[in-house]
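Enquirer: Sharing input06.txt (compact mmCIF, C-alpha atoms) below.
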# COMPACT_ATOMS: atom_id res chain seq x y z
CA MET Y 10 124.33 -79.12 130.88
CA GLU Y 11 121.63 -81.67 130.10
CA THR Y 12 122.53 -84.90 128.35
CA PHE Y 13 122.06 -85.04 124.58
CA GLU Y 14 122.70 -87.28 121.60
CA LEU Y 15 125.44 -86.11 119.22
CA LEU Y 16 124.95 -86.85 115.54
CA GLN Y 17 127.82 -86.44 113.07
CA PRO Y 18 126.28 -86.70 109.61
CA LYS Y 19 128.41 -87.63 106.63
CA GLY Y 20 126.75 -85.15 104.31
CA LEU Y 21 124.46 -82.13 104.14
CA THR Y 22 121.43 -84.24 103.18
CA ASP Y 23 121.75 -86.32 106.35
CA ALA Y 24 122.18 -83.19 108.45
CA ILE Y 25 119.02 -81.62 107.04
CA ALA Y 26 117.02 -84.78 107.61
CA ALA Y 27 118.14 -84.98 111.25
CA LEU Y 28 117.50 -81.29 111.85
CA ALA Y 29 114.02 -81.33 110.31
CA GLU Y 30 112.80 -83.91 112.81
CA GLY Y 31 112.87 -81.54 115.77
CA ASP Y 32 114.03 -78.11 114.64
CA ALA Y 33 110.71 -76.37 115.33
CA ASP Y 34 110.57 -77.17 119.05
CA GLY Y 35 114.30 -76.85 119.71
CA SER Y 36 114.81 -80.56 120.46
CA VAL Y 37 117.37 -80.77 117.62
CA MET Y 38 119.99 -78.06 117.15
CA LEU Y 39 123.00 -77.41 114.92
CA LEU Y 40 126.58 -77.30 116.19
CA ALA Y 41 129.21 -75.49 114.11
CA GLY Y 42 132.13 -73.99 116.04
CA GLY Y 43 130.13 -74.27 119.27
CA GLN Y 44 131.22 -70.89 120.66
CA ASP Y 45 127.63 -69.79 121.27
CA LEU Y 46 125.56 -72.99 121.43
CA LEU Y 47 127.70 -74.69 124.06
CA THR Y 48 127.51 -71.58 126.25
CA GLU Y 49 123.73 -71.53 125.93
CA MET Y 50 123.56 -75.21 126.82
CA LYS Y 51 125.73 -74.73 129.91
CA GLU Y 52 123.43 -71.92 131.04
CA HIS Y 53 120.29 -73.97 130.23
CA LEU Y 54 119.11 -71.43 127.69
CA ALA Y 55 119.10 -74.22 125.10
CA GLU Y 56 118.44 -77.86 126.01
CA PRO Y 57 118.39 -79.89 122.79
CA SER Y 58 117.93 -83.63 123.01
CA VAL Y 59 119.92 -84.04 119.78
CA VAL Y 60 122.85 -81.96 118.52
CA VAL Y 61 123.78 -82.23 114.83
CA ASP Y 62 127.50 -81.56 114.40
CA LEU Y 63 128.28 -79.83 111.08
CA SER Y 64 132.01 -79.50 111.62
CA GLY Y 65 132.86 -82.55 109.52
CA LEU Y 66 131.00 -81.39 106.40
CA SER Y 67 133.69 -80.35 103.93
CA GLU Y 68 131.10 -78.89 101.52
CA LEU Y 69 130.43 -76.13 104.06
CA THR Y 70 134.08 -75.17 104.47
CA GLY Y 71 136.40 -72.94 102.48
CA ILE Y 72 136.73 -69.71 100.52
CA THR Y 73 136.38 -69.93 96.73
CA GLU Y 74 136.65 -67.33 93.98
CA GLY Y 75 134.36 -67.47 90.96
CA LYS Y 76 135.20 -66.51 87.38
CA ASP Y 77 132.90 -63.50 87.74
CA GLY Y 78 135.02 -62.15 90.62
CA ALA Y 79 132.59 -63.19 93.33
CA ILE Y 80 133.90 -64.77 96.54
CA THR Y 81 131.96 -67.51 98.34
CA PHE Y 82 132.50 -68.34 102.01
CA GLY Y 83 131.32 -71.72 103.28
CA ALA Y 84 129.33 -71.43 106.49
CA ASN Y 85 131.90 -73.58 108.33
CA THR Y 86 134.80 -71.33 107.34
CA THR Y 87 136.50 -70.09 110.50
CA ILE Y 88 136.68 -66.44 111.40
CA ALA Y 89 140.48 -66.79 111.58
CA ALA Y 90 140.58 -67.95 107.95
CA ILE Y 91 138.55 -64.94 106.85
CA ALA Y 92 140.73 -62.52 108.82
CA ALA Y 93 143.90 -63.93 107.24
CA HIS Y 94 142.75 -64.41 103.64
CA PRO Y 95 144.99 -62.41 101.26
CA ARG Y 96 142.13 -61.65 98.84
CA LEU Y 97 140.36 -59.65 101.51
CA ARG Y 98 142.44 -56.52 101.22
CA GLY Y 99 141.81 -53.28 99.37
CA ALA Y 100 138.14 -53.08 98.39
CA LEU Y 101 137.17 -55.89 100.78
CA ALA Y 102 139.24 -54.77 103.76
CA ILE Y 103 135.92 -54.37 105.55
CA LEU Y 104 135.63 -58.17 105.85
CA SER Y 105 139.10 -58.89 107.22
CA GLU Y 106 138.76 -55.94 109.63
CA ALA Y 107 135.42 -57.23 110.91
CA ALA Y 108 136.77 -60.76 111.30
CA ALA Y 109 139.89 -59.58 113.14
CA SER Y 110 137.74 -57.63 115.61
CA ILE Y 111 135.91 -60.73 116.83
CA ALA Y 112 136.71 -62.25 120.23
CA SER Y 113 140.25 -63.59 120.76
CA PRO Y 114 142.72 -65.36 118.42
CA GLN Y 115 141.88 -68.68 120.07
CA VAL Y 116 138.13 -68.24 119.61
CA ARG Y 117 138.57 -67.14 115.99
CA THR Y 118 140.23 -70.47 115.16
CA GLN Y 119 137.04 -72.30 116.23
CA ALA Y 120 134.22 -69.83 115.57
CA THR Y 121 132.60 -70.10 112.13
CA LEU Y 122 131.01 -67.61 109.78
CA GLY Y 123 127.65 -69.37 110.00
CA GLY Y 124 127.82 -69.36 113.77
CA ASN Y 125 128.70 -65.68 113.87
CA LEU Y 126 125.73 -64.75 111.68
CA ASN Y 127 123.31 -66.93 113.67
CA GLN Y 128 124.47 -66.26 117.23
CA ARG Y 129 121.82 -65.39 119.78
CA PRO Y 130 121.45 -62.02 121.57
CA ARG Y 131 123.92 -60.91 124.22
CA CYS Y 132 121.32 -59.05 126.37
CA TRP Y 133 122.12 -59.93 129.98
CA TYR Y 134 118.46 -60.59 130.76
CA TYR Y 135 118.24 -63.08 127.92
CA ARG Y 136 121.53 -64.66 129.00
CA HIS Y 137 120.49 -64.94 132.68
CA GLU Y 138 119.06 -68.38 133.30
CA GLU Y 139 116.60 -67.15 135.94
CA ALA Y 140 115.27 -64.14 134.00
CA VAL Y 141 112.21 -65.29 132.06
CA CYS Y 142 112.16 -62.32 129.69
CA LEU Y 143 109.93 -61.70 126.69
CA LYS Y 144 112.56 -63.22 124.40
CA LYS Y 145 112.36 -66.51 126.34
CA GLY Y 146 108.57 -66.76 126.54
CA GLY Y 147 107.93 -64.35 129.39
CA SER Y 148 105.68 -61.29 129.29
CA VAL Y 149 108.18 -58.46 129.86
CA CYS Y 150 111.32 -57.11 128.20
CA PHE Y 151 113.21 -56.30 131.38
CA ALA Y 152 115.53 -53.89 129.56
CA VAL Y 153 112.71 -51.36 129.12
CA ASP Y 154 112.64 -50.44 132.82
CA GLY Y 155 115.83 -52.18 133.88
CA MET Y 156 119.52 -51.96 132.99
CA SER Y 157 119.62 -51.08 129.29
CA LYS Y 158 123.28 -50.21 128.77
CA TYR Y 159 123.78 -52.78 126.00
CA ASN Y 160 120.36 -52.65 124.36
CA ALA Y 161 118.92 -51.20 121.17
CA ILE Y 162 118.40 -47.54 120.33
CA LEU Y 163 117.00 -48.28 116.85
CA GLY Y 164 114.31 -50.73 115.72
CA GLY Y 165 113.48 -51.92 119.23
CA GLY Y 166 110.13 -53.18 120.50
CA PRO Y 167 108.65 -55.24 121.89
CA THR Y 168 112.14 -56.55 122.79
CA TYR Y 169 115.27 -54.40 122.73
CA ILE Y 170 118.02 -56.90 121.92
CA VAL Y 171 120.90 -55.99 119.65
CA HIS Y 172 122.27 -58.33 117.03
CA PRO Y 173 125.81 -59.28 118.12
CA SER Y 174 127.37 -60.28 114.77
CA ASP Y 175 130.38 -58.35 113.48
CA MET Y 176 130.47 -60.14 110.14
CA ALA Y 177 126.84 -59.36 109.29
CA PRO Y 178 127.13 -55.54 108.97
CA ALA Y 179 130.36 -55.85 106.97
CA LEU Y 180 128.93 -58.46 104.59
CA ILE Y 181 125.69 -56.56 104.08
CA ALA Y 182 127.65 -53.41 103.23
CA VAL Y 183 129.28 -55.24 100.30
CA GLY Y 184 126.02 -56.75 99.04
CA ALA Y 185 126.45 -60.32 100.28
CA ARG Y 186 123.88 -63.01 99.58
CA VAL Y 187 123.17 -66.10 101.67
CA ARG Y 188 122.20 -69.58 100.48
CA LEU Y 189 120.03 -71.91 102.55
CA VAL Y 190 119.26 -75.57 101.93
CA GLY Y 191 116.41 -77.43 103.62
CA PRO Y 192 113.75 -80.12 103.17
CA GLU Y 193 111.92 -77.91 100.64
CA GLY Y 194 115.04 -77.33 98.55
CA GLU Y 195 117.41 -74.42 98.13
CA ARG Y 196 116.78 -70.69 98.36
CA GLU Y 197 118.94 -67.59 98.17
CA MET Y 198 118.45 -64.06 99.42
CA ALA Y 199 120.29 -60.88 100.25
CA LEU Y 200 121.91 -61.24 103.65
CA ALA Y 201 120.15 -58.03 104.70
CA ASP Y 202 116.81 -59.86 104.25
CA TYR Y 203 117.91 -62.84 106.35
CA PHE Y 204 117.53 -60.93 109.62
CA ILE Y 205 114.24 -59.72 111.10
CA LEU Y 206 113.15 -57.26 113.77
CA PRO Y 207 111.26 -58.50 116.85
CA ASN Y 208 107.97 -57.11 115.48
CA GLU Y 209 108.42 -58.88 112.13
CA GLY Y 210 108.25 -62.51 113.25
CA PRO Y 211 108.34 -64.93 116.20
CA LEU Y 212 110.16 -63.45 119.18
CA GLN Y 213 112.20 -66.62 119.60
CA THR Y 214 114.19 -66.09 116.40
CA GLU Y 215 116.24 -63.36 114.72
CA THR Y 216 116.25 -64.76 111.18
CA VAL Y 217 113.94 -66.09 108.46
CA ARG Y 218 115.55 -69.54 108.58
CA LYS Y 219 112.83 -72.17 108.22
CA LYS Y 220 112.46 -75.51 109.95
CA GLY Y 221 115.21 -77.88 108.87
CA GLU Y 222 117.20 -75.32 106.89
CA VAL Y 223 120.97 -74.99 107.04
CA LEU Y 224 122.90 -71.87 106.10
CA VAL Y 225 125.31 -73.25 103.51
CA ASP Y 226 127.36 -70.31 102.27
CA VAL Y 227 127.61 -66.57 101.80
CA THR Y 228 128.62 -64.99 98.47
CA VAL Y 229 130.07 -61.52 98.02
CA PRO Y 230 129.76 -60.19 94.44
CA ARG Y 231 132.63 -58.59 92.59
CA GLN Y 232 132.97 -55.03 93.82
CA PRO Y 233 133.06 -52.01 91.48
CA ASP Y 234 136.35 -50.39 90.59
CA GLY Y 235 137.16 -47.53 92.91
CA MET Y 236 135.60 -49.08 96.00
CA VAL Y 237 137.08 -48.57 99.46
CA SER Y 238 135.66 -49.97 102.67
CA THR Y 239 136.19 -50.19 106.40
CA TYR Y 240 134.72 -51.62 109.59
CA LEU Y 241 135.06 -49.87 112.94
CA LYS Y 242 133.88 -51.23 116.26
CA PHE Y 243 133.83 -49.83 119.79
CA LYS Y 244 133.85 -52.35 122.61
CA GLU Y 245 134.04 -52.07 126.36
CA ARG Y 246 137.08 -54.34 126.65
CA GLU Y 247 139.79 -53.98 124.05
CA SER Y 248 140.84 -57.63 124.31
CA TYR Y 249 137.62 -59.59 123.79
CA ASP Y 250 134.10 -58.18 123.60
CA TRP Y 251 131.04 -57.54 121.51
CA ALA Y 252 130.35 -54.17 119.95
CA LEU Y 253 128.65 -51.44 121.90
CA ALA Y 254 128.33 -49.94 118.43
CA SER Y 255 129.97 -50.58 115.09
CA VAL Y 256 129.86 -49.14 111.59
CA ALA Y 257 130.54 -50.76 108.22
CA VAL Y 258 131.01 -48.41 105.26
CA ALA Y 259 131.66 -49.25 101.61
CA VAL Y 260 132.13 -46.38 99.16
CA VAL Y 261 132.73 -46.36 95.42
CA LYS Y 262 134.85 -43.31 94.62
CA ASP Y 263 134.92 -41.37 91.37
CA GLY Y 264 138.06 -39.31 91.79
CA ASP Y 265 137.63 -37.53 95.10
CA ARG Y 266 133.82 -37.80 94.96
CA VAL Y 267 131.35 -40.47 96.08
CA ALA Y 268 129.76 -42.39 93.23
CA SER Y 269 127.79 -44.72 95.52
CA ALA Y 270 127.85 -45.72 99.18
CA ARG Y 271 126.46 -48.25 101.63
CA MET Y 272 126.51 -48.07 105.43
CA VAL Y 273 125.38 -50.59 108.04
CA LEU Y 274 125.45 -50.25 111.84
CA GLY Y 275 125.98 -53.02 114.37
CA GLY Y 276 125.37 -53.17 118.12
CA VAL Y 277 122.51 -50.67 118.07
CA ALA Y 278 119.47 -52.57 116.74
CA PRO Y 279 117.92 -56.06 116.84
CA LYS Y 280 119.31 -56.69 113.36
CA PRO Y 281 122.15 -55.15 111.34
CA TRP Y 282 120.87 -51.63 110.71
CA VAL Y 283 121.07 -50.58 107.06
CA VAL Y 284 121.30 -46.81 106.58
CA ALA Y 285 120.06 -45.31 103.30
CA VAL Y 286 122.98 -42.97 102.61
CA GLU Y 287 123.13 -43.32 98.80
CA GLU Y 288 121.31 -40.13 97.81
CA ALA Y 289 122.76 -38.00 100.59
CA LEU Y 290 126.37 -38.87 99.72
CA ALA Y 291 126.29 -39.15 95.93
CA GLY Y 292 128.59 -36.56 94.36
CA ARG Y 293 130.04 -35.39 97.66
CA GLY Y 294 133.57 -35.63 98.97
CA LEU Y 295 134.44 -37.86 101.90
CA ASP Y 296 134.68 -34.92 104.27
CA ALA Y 297 133.33 -33.96 107.67
CA GLY Y 298 130.11 -32.67 106.14
CA ALA Y 299 129.43 -35.98 104.44
CA ALA Y 300 130.17 -37.86 107.65
CA GLU Y 301 127.77 -35.63 109.59
CA ALA Y 302 125.04 -36.16 107.00
CA ALA Y 303 125.56 -39.93 107.16
CA ALA Y 304 125.45 -39.91 110.97
CA ASP Y 305 122.22 -37.87 110.94
CA LEU Y 306 120.62 -40.48 108.69
CA ALA Y 307 121.99 -43.34 110.79
CA LEU Y 308 120.44 -41.97 113.97
CA GLU Y 309 117.13 -40.91 112.48
CA GLY Y 310 114.40 -42.25 114.76
CA ALA Y 311 116.78 -43.33 117.52
CA GLU Y 312 115.01 -43.84 120.85
CA PRO Y 313 117.50 -44.54 123.64
CA LEU Y 314 116.40 -46.29 126.80
CA ALA Y 315 117.41 -45.06 130.27
CA HIS Y 316 121.05 -46.20 130.13
CA ASN Y 317 122.11 -46.35 126.49
CA GLY Y 318 121.86 -42.75 125.28
CA TYR Y 319 125.67 -42.77 125.04
CA LYS Y 320 125.32 -44.82 121.84
CA ILE Y 321 124.18 -41.73 119.92
CA PRO Y 322 127.47 -39.77 120.23
CA LEU Y 323 129.35 -43.07 119.99
CA VAL Y 324 127.82 -43.80 116.57
CA ARG Y 325 128.57 -40.24 115.43
CA GLY Y 326 132.20 -40.65 116.42
CA LEU Y 327 132.54 -44.01 114.68
CA VAL Y 328 131.00 -42.66 111.45
CA ALA Y 329 133.37 -39.68 111.52
CA ARG Y 330 136.39 -41.98 112.03
CA ALA Y 331 135.24 -44.30 109.25
CA PHE Y 332 134.98 -41.44 106.78
CA GLN Y 333 138.39 -40.11 107.80
CA ARG Y 334 139.88 -43.56 107.19
CA LEU Y 335 138.26 -43.89 103.76
CA ALA Y 336 139.29 -40.40 102.71
Kindly present the structure from the file in structure tokens form.
Expert:
Amino acid sequence: METFELLQPKGLTDAIAALAEGDADGSVMLLAGGQDLLTEMKEHLAEPSVVVDLSGLSELTGITEGKDGAITFGANTTIAAIAAHPRLRGALAILSEAAASIASPQVRTQATLGGNLNQRPRCWYYRHEEAVCLKKGGSVCFAVDGMSKYNAILGGGPTYIVHPSDMAPALIAVGARVRLVGPEGEREMALADYFILPNEGPLQTETVRKKGEVLVDVTVPRQPDGMVSTYLKFKERESYDWALASVAVAVVKDGDRVASARMVLGGVAPKPWVVAVEEALAGRGLDAGAAEAAADLALEGAEPLAHNGYKIPLVRGLVARAFQRLA
């Protein structure tokens, strides 16, 4: 690891000022729980000259409930706190299930929500210090003709990374919004709009975060009566791993019928993959036919590479299990 200066600002304003000075060229970077950044620094994938430590900023920490029924999660809130929060049961079980699926109990006590949403790709070519892939300024995405077991089957090109966050698909499925604060002020957007595909922006980023901006919090609106939700993830190692594929489903039920539904996939695309299931499921029961229709929509346009075709039946199986659980 290269030497760096550690800054521990007393407030968000100081953190933004420090970050804005070198955010564009990577010379200044944010540290939250450190579970991803410190690994990148050890492997020389990131070599900031200044690291801005956000862990001491109390305004970024905690889970609060609004009078309108919305729940706001500070970006510094740990994954363990989300997994254990008593409010995240019933309609919002999807969030506690996603949080509990992440890494190990020890990591969850340190990893933060903001860090989970902003973590970098897990592609082994990107993570290999000596592989100068397209994502790191090279000219080739090695996964196209190389080992593609963990890469994208949807939305890929020119790089075929997958977004590794578990919290992102679950939060998007319940309509979460993200708030960012930077030198130009504050802005808010749907979390689904925070992430971009490789062909939608600079290859060196996966989000629309601007220079000097800090992700401050994520707000989940009050959910409709009759909503049920779940998050299912398949990983290679049961103990501690990222998703080979995952599915987040939130359904508002009217009796035994679907009034509305949202579904988001993880582990299969460069960003959380939103599936437009609303029209196909409206008025149907949560049965095998509905699950098959949802899976067909989820895999529409899928283009597996040489070694990841297994993700197609894997997604189908996860969708079927999710619908069985919700029924």
Enquirer: Listing only residues of stretch 73-167 of chain Y within 7 Å of stretch 308-323 of chain Y, what is the closest atom pair and its distance in Å (to one decimal) for each, using only C-alpha atoms, sorted by chain and residue number ascending, as CSV?
Expert:
residue,atom,partner,partner_atom,distance
Y:Val153,CA,Y:Leu314,CA,6.7
Y:Met156,CA,Y:His316,CA,6.6
Y:Ser157,CA,Y:His316,CA,5.2
Y:Lys158,CA,Y:Asn317,CA,4.6
Y:Tyr159,CA,Y:Asn317,CA,6.7
Y:Asn160,CA,Y:Asn317,CA,6.9
Y:Ile162,CA,Y:Pro313,CA,4.6
Y:Leu163,CA,Y:Ala311,CA,5.0
Enquirer: Just C-alpha atoms for this one: save the residues we selected as a PDB file, keeping the file's coordinate frame.
Expert:
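Listed below is the output, again_24.pdb:
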ATOM      1  CA  VAL Y 153     112.710 -51.360 129.120  1.00  0.00           C
ATOM      2  CA  MET Y 156     119.520 -51.960 132.990  1.00  0.00           C
ATOM      3  CA  SER Y 157     119.620 -51.080 129.290  1.00  0.00           C
ATOM      4  CA  LYS Y 158     123.280 -50.210 128.770  1.00  0.00           C
ATOM      5  CA  TYR Y 159     123.780 -52.780 126.000  1.00  0.00           C
ATOM      6  CA  ASN Y 160     120.360 -52.650 124.360  1.00  0.00           C
ATOM      7  CA  ILE Y 162     118.400 -47.540 120.330  1.00  0.00           C
ATOM      8  CA  LEU Y 163     117.000 -48.280 116.850  1.00  0.00           C
TER       9      LEU Y 163
END
Enquirer: For Y:Gly264, which residue among Y:Ala336, Y:Val225, Y:Leu97, Y:Leu180 is the nearest when counting all atoms listed in the file?
Expert: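 Closest residue, counting all atoms listed in the file: Y:Ala336.
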Enquirer: Excluding stretch 135-137 of chain Y and its own-chain neighbours fewer than 2 positions away, which residues fall within 12 Å of it when counting only C-alpha atoms? Please give them as a PyMOL selection string.
Expert: chain Y and resi 45-46+48-55+129-133+139-147+149-152+159-160+168-171+212-213
Enquirer: Just the number, please: distance in Å from atom CA of Y:Thr239 to atom CA of Y:Val258, one decimal.
Expert: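 It comes out at 5.6 Å.
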Enquirer: Which one is closest to Y:Arg266: Y:Ala254, Y:Val328, Y:Leu122, Y:Leu335? Count all atoms listed in the file.
Expert: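 Ranked by minimum distance to Y:Arg266, first place goes to Y:Leu335.
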Enquirer: Measuring between only C-alpha atoms, which one of Y:Glu14, Y:Asp175, Y:Asp62, Y:Asp234 shows the shortest distance to Y:Asp250?
Expert: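 Of the candidates, the smallest distance to Y:Asp250 is held by Y:Asp175.
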Enquirer: Looking at all atoms listed in the file, which of Y:Ala179, Y:Ala90, Y:Glu209, Y:Leu28 is the one that sits closest to Y:Ala120?
Expert: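 Of the candidates, the smallest distance to Y:Ala120 is held by Y:Ala90.
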Enquirer: Extract, using all atoms listed in the file, all DNA, RNA and protein residues at most 10 Å from Y:Pro233, discarding same-chain residues fewer than 4 positions from it, and format them as a VMD selection string.
Expert: chain Y and resid 100 237 260 to 262 269
Enquirer: Neighbouring residues of stretch 279-282 of chain Y were defined as those with any atom within 10 Å, considering only C-alpha atoms; residues of the same chain fewer than 3 positions away were excluded. Please report them as an NGL selection string.
Expert: :Y and (130 or 160-166 or 168-179 or 181-182 or 200-207 or 215-216 or 255-257 or 272-276 or 285 or 307)
Enquirer: Which residue out of Y:Asp226, Y:Asp263, Y:Glu247, Y:Glu301 has the minimum interatomic distance to Y:Ile72 when only C-alpha atoms are used?
Expert: Y:Asp226
